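J.: Got a structure here, written out as structure tokens. Questions coming.
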Amino acid sequence: MEQRMKEMKPITGNDWQHMRTATKLARYALDHDETPVACIFVHTPTNQILAYGLNDTNKSLTGVAHAEFMGIAQIQRATGAHDREIYKDITLYVTVEPCIMCASALKQLGLRRVVFGCGNERFGGNGSILSIHSDESTAAANKYSSVPGLLRKEAILLLRYFYVRENERSPNPRVKAERKLDLETFPPMEWSRYVDRDEFMHCFGAENVRHFDDKTDLRDQVEWGLIDEPHDKVLELIQRQCDAFRLHTAKKFKS
Ligand SMILES: [Zn+2]
């Protein structure tokens with residue numbers, strides 16, 4: 001636990017910014033007929049995005065095309081599949097808690113830190129179902145720190161938008177009242193599933209600890225601008241940073 005604490009850095013403005021980018025990318029996914037789950041991988045020393053991922057399970061018709069795997073494939077193309085050095089400098093920002101499969105892959109690669117929005121009630125590997133990131137299973141030496149709850153409401157709302165739309169398209173839509181979009185109520189945030197009280201204060205400051213105790217979100221307000229309008233430009237912006245990073249690594253390997 002002490003080791004985990006050392007790795008667990010206080011949440012900064014950069015972390016919020018990167019979660020905003022990931023959330024816009026999830027909105028982009030929604031606008032392109034995918035599940036609104038997205039992630040970006042950030043090279044922490046340079047604060048630069050080096051890879052990103054969208055869920056691609058609808059289009060590819062495969063259950064394993066999770067956002068995290070798409071990002072990992074990009075990193076491997078840039079640095080070579082056998083170079084795992086880089087993962088220790090990477091933080092993953094993802095709108096929904098990584099599933100058990102992805103959590104295990106991230107751990108085996110040696111990623112150091114994950115920041116996510118809402119929990120994954122059915123398959124979560126960072127505390128909801130299993131705690132792959134901090135347990136003694138596969139690659140126990142590679143435990144990584146995991147911080148939940150940034151832009152959680154936004155992540156939940158995007159999933160609600162998606163399910164309501166899917167229901168409207170289905171041949172037997174449920175009755176109208178049932179599929180009314182709920183924009184106001186959210187399940188309690190069970191912080192203790194993911195971090196203990198000390199870790200929470202370390203990450204978010206002692207002044208915010210009431211949120212841990214009350215099971216409430218860090219921020220009352222929903223950032224509607226992130227989820228209520230298309231963000232078609234976001235992919236371009238991310239891509240540009242990823243390309244710059246690839247050039248950067250190419251140069252490094254040349255010299
Ligand atoms: Zn996954």
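Naming works like this for the structure tokens: A, B, ... for the chains as they're shown, residue 1 at the start of each chain, ligands 1 onward in shown order.
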Could you pull out the alpha helix (DSSP H) residues of segment 62-239 of chain A, going by DSSP on the backbone, and write them as a PDB file with C-alpha atoms, in the first residue's frame?
T.:
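Final file, out_34.pdb:
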ATOM      1  CA  ALA A  67     -10.287   1.522 -26.739  1.00  0.00           C
ATOM      2  CA  GLU A  68      -7.203   0.620 -24.699  1.00  0.00           C
ATOM      3  CA  PHE A  69      -6.069  -2.033 -27.191  1.00  0.00           C
ATOM      4  CA  MET A  70      -6.294   0.393 -30.075  1.00  0.00           C
ATOM      5  CA  GLY A  71      -3.997   2.786 -28.193  1.00  0.00           C
ATOM      6  CA  ILE A  72      -1.542   0.048 -27.235  1.00  0.00           C
ATOM      7  CA  ALA A  73      -1.286  -0.999 -30.899  1.00  0.00           C
ATOM      8  CA  GLN A  74      -0.406   2.594 -31.828  1.00  0.00           C
ATOM      9  CA  ILE A  75       2.302   2.762 -29.170  1.00  0.00           C
ATOM     10  CA  GLN A  76       3.750  -0.528 -30.367  1.00  0.00           C
ATOM     11  CA  ARG A  77       3.854   0.729 -33.943  1.00  0.00           C
ATOM     12  CA  ALA A  78       5.711   3.851 -32.812  1.00  0.00           C
ATOM     13  CA  THR A  79       8.226   2.308 -30.438  1.00  0.00           C
ATOM     14  CA  ILE A 100     -10.517  -6.946 -16.451  1.00  0.00           C
ATOM     15  CA  MET A 101      -8.870  -7.896 -19.753  1.00  0.00           C
ATOM     16  CA  CYS A 102      -7.528  -4.402 -20.446  1.00  0.00           C
ATOM     17  CA  ALA A 103      -6.465  -3.858 -16.834  1.00  0.00           C
ATOM     18  CA  SER A 104      -4.414  -7.031 -17.049  1.00  0.00           C
ATOM     19  CA  ALA A 105      -2.827  -6.064 -20.375  1.00  0.00           C
ATOM     20  CA  LEU A 106      -1.892  -2.616 -19.022  1.00  0.00           C
ATOM     21  CA  LYS A 107      -0.319  -4.214 -15.982  1.00  0.00           C
ATOM     22  CA  GLN A 108       1.707  -6.690 -18.003  1.00  0.00           C
ATOM     23  CA  LEU A 109       3.032  -3.862 -20.150  1.00  0.00           C
ATOM     24  CA  ARG A 152     -17.803  10.681 -14.015  1.00  0.00           C
ATOM     25  CA  LYS A 153     -21.228  12.214 -14.676  1.00  0.00           C
ATOM     26  CA  GLU A 154     -20.213  13.140 -18.203  1.00  0.00           C
ATOM     27  CA  ALA A 155     -19.068   9.556 -18.888  1.00  0.00           C
ATOM     28  CA  ILE A 156     -22.347   8.154 -17.518  1.00  0.00           C
ATOM     29  CA  LEU A 157     -24.451  10.611 -19.538  1.00  0.00           C
ATOM     30  CA  LEU A 158     -22.708   9.699 -22.785  1.00  0.00           C
ATOM     31  CA  LEU A 159     -23.526   6.027 -22.153  1.00  0.00           C
ATOM     32  CA  ARG A 160     -27.164   6.974 -21.455  1.00  0.00           C
ATOM     33  CA  TYR A 161     -27.335   8.918 -24.724  1.00  0.00           C
ATOM     34  CA  PHE A 162     -26.070   5.818 -26.486  1.00  0.00           C
ATOM     35  CA  TYR A 163     -28.518   3.368 -24.902  1.00  0.00           C
ATOM     36  CA  VAL A 164     -31.513   5.609 -25.515  1.00  0.00           C
ATOM     37  CA  ARG A 165     -30.542   5.927 -29.165  1.00  0.00           C
ATOM     38  CA  GLU A 166     -29.940   2.182 -29.528  1.00  0.00           C
ATOM     39  CA  ASN A 167     -33.367   1.516 -28.021  1.00  0.00           C
ATOM     40  CA  GLU A 168     -35.031   3.935 -30.436  1.00  0.00           C
ATOM     41  CA  ARG A 169     -33.440   2.084 -33.324  1.00  0.00           C
ATOM     42  CA  ARG A 197      -9.696   7.425   2.321  1.00  0.00           C
ATOM     43  CA  ASP A 198      -6.009   8.332   2.640  1.00  0.00           C
ATOM     44  CA  GLU A 199      -5.398   7.786  -1.048  1.00  0.00           C
ATOM     45  CA  PHE A 200      -8.400   9.926  -1.836  1.00  0.00           C
ATOM     46  CA  MET A 201      -7.062  12.809   0.250  1.00  0.00           C
ATOM     47  CA  HIS A 202      -3.629  12.377  -1.289  1.00  0.00           C
ATOM     48  CA  CYS A 203      -5.114  12.647  -4.794  1.00  0.00           C
ATOM     49  CA  PHE A 204      -7.842  15.235  -4.289  1.00  0.00           C
ATOM     50  CA  VAL A 209     -12.807  14.395   1.653  1.00  0.00           C
ATOM     51  CA  ARG A 210     -16.545  14.997   2.218  1.00  0.00           C
ATOM     52  CA  HIS A 211     -17.054  13.662  -1.315  1.00  0.00           C
ATOM     53  CA  PHE A 212     -15.461  10.398  -0.257  1.00  0.00           C
ATOM     54  CA  ASP A 213     -17.656  10.177   2.846  1.00  0.00           C
ATOM     55  CA  ASP A 214     -20.867  11.318   1.112  1.00  0.00           C
ATOM     56  CA  TRP A 224     -22.340  20.052 -20.821  1.00  0.00           C
ATOM     57  CA  GLY A 225     -20.086  21.550 -23.482  1.00  0.00           C
ATOM     58  CA  LEU A 226     -18.046  18.348 -23.476  1.00  0.00           C
ATOM     59  CA  ILE A 227     -20.919  16.000 -24.195  1.00  0.00           C
ATOM     60  CA  VAL A 234     -10.804  16.677 -31.483  1.00  0.00           C
ATOM     61  CA  LEU A 235      -9.497  13.689 -33.400  1.00  0.00           C
ATOM     62  CA  GLU A 236      -7.444  15.945 -35.657  1.00  0.00           C
ATOM     63  CA  LEU A 237      -5.890  17.678 -32.665  1.00  0.00           C
ATOM     64  CA  ILE A 238      -5.051  14.395 -30.995  1.00  0.00           C
ATOM     65  CA  GLN A 239      -3.687  12.953 -34.216  1.00  0.00           C
TER      66      GLN A 239
END
J.: Quick one: residues within 9 Å of Glu190 of chain A, only C-alpha atoms, excluding same-chain residues fewer than 4 positions away - as a list of chain:residue names?
T.: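 Near Glu190 of chain A, the qualifying residues are A:Tyr194, A:Phe212, A:Lys215, A:Thr216.
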J.: Neighbours of segment 121-128 of chain A within 6 Å (only C-alpha atoms; same-chain residues fewer than 2 positions away dropped), as a PyMOL selection string?
T.: chain A and resi 97-100+103+119+130-133+193-194
J.: Which is closer to Phe116 of chain A than all the others in A:Asn172, A:Thr138, A:Thr23, A:Thr95, using only C-alpha atoms?
T.: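 For Phe116 of chain A, the nearest of the given residues is A:Thr95.
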J.: Need to verify the contact set: Tyr28 of chain A, 7 Å, only C-alpha atoms, exclusion of same-chain residues closer than 6 positions in sequence. Can you return it as a ChimeraX atom specification?
T.: /A:230-232
J.: Output C-alpha atoms for every residue in the selection just made, as a PDB file, in the first residue's frame.
T.:
ATOM      1  CA  PRO A 230     -20.126  17.194 -31.601  1.00  0.00           C
ATOM      2  CA  HIS A 231     -16.350  17.461 -31.292  1.00  0.00           C
ATOM      3  CA  ASP A 232     -15.287  16.515 -34.784  1.00  0.00           C
TER       4      ASP A 232
END
J.: Atom CA of Tyr144 of chain A and atom CA of Leu111 of chain A are how many Å apart?
T.: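 Atom-to-atom, atom CA of Tyr144 of chain A to atom CA of Leu111 of chain A, that is 6.7 Å.
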J.: Smallest atom-to-atom distance to ligand 1: which of A:Asp33, A:Val96, A:Glu85, A:Met19, using only C-alpha atoms and all ligand atoms?
T.: A:Val96
J.: Would you compute the distance between atom CA of Glu223 of chain A and atom CA of Leu151 of chain A? Give it in Å to one decimal.
T.: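 Rounded to one decimal, the two atoms are 8.1 Å apart.
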J.: What does the structure give for the distance between atom CA of Asn120 of chain A and atom CA of Cys242 of chain A, in Å to one decimal?
T.: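 Value for the atom CA of Asn120 of chain A-atom CA of Cys242 of chain A distance: 27.3 Å.
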J.: My list of candidates is A:Gln241, A:Thr35, A:Asn14, A:Asn55. Which is closest to ligand 1 when distances are computed with only C-alpha atoms and all ligand atoms?
T.: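 Counting only C-alpha atoms and all ligand atoms, the residue closest to ligand 1 is A:Asn55.
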J.: Considering only C-alpha atoms, can you say which of A:Pro45, A:Gly117, A:Pro148, A:Gly205 comes closest to Lys88 of chain A?
T.: A:Pro45
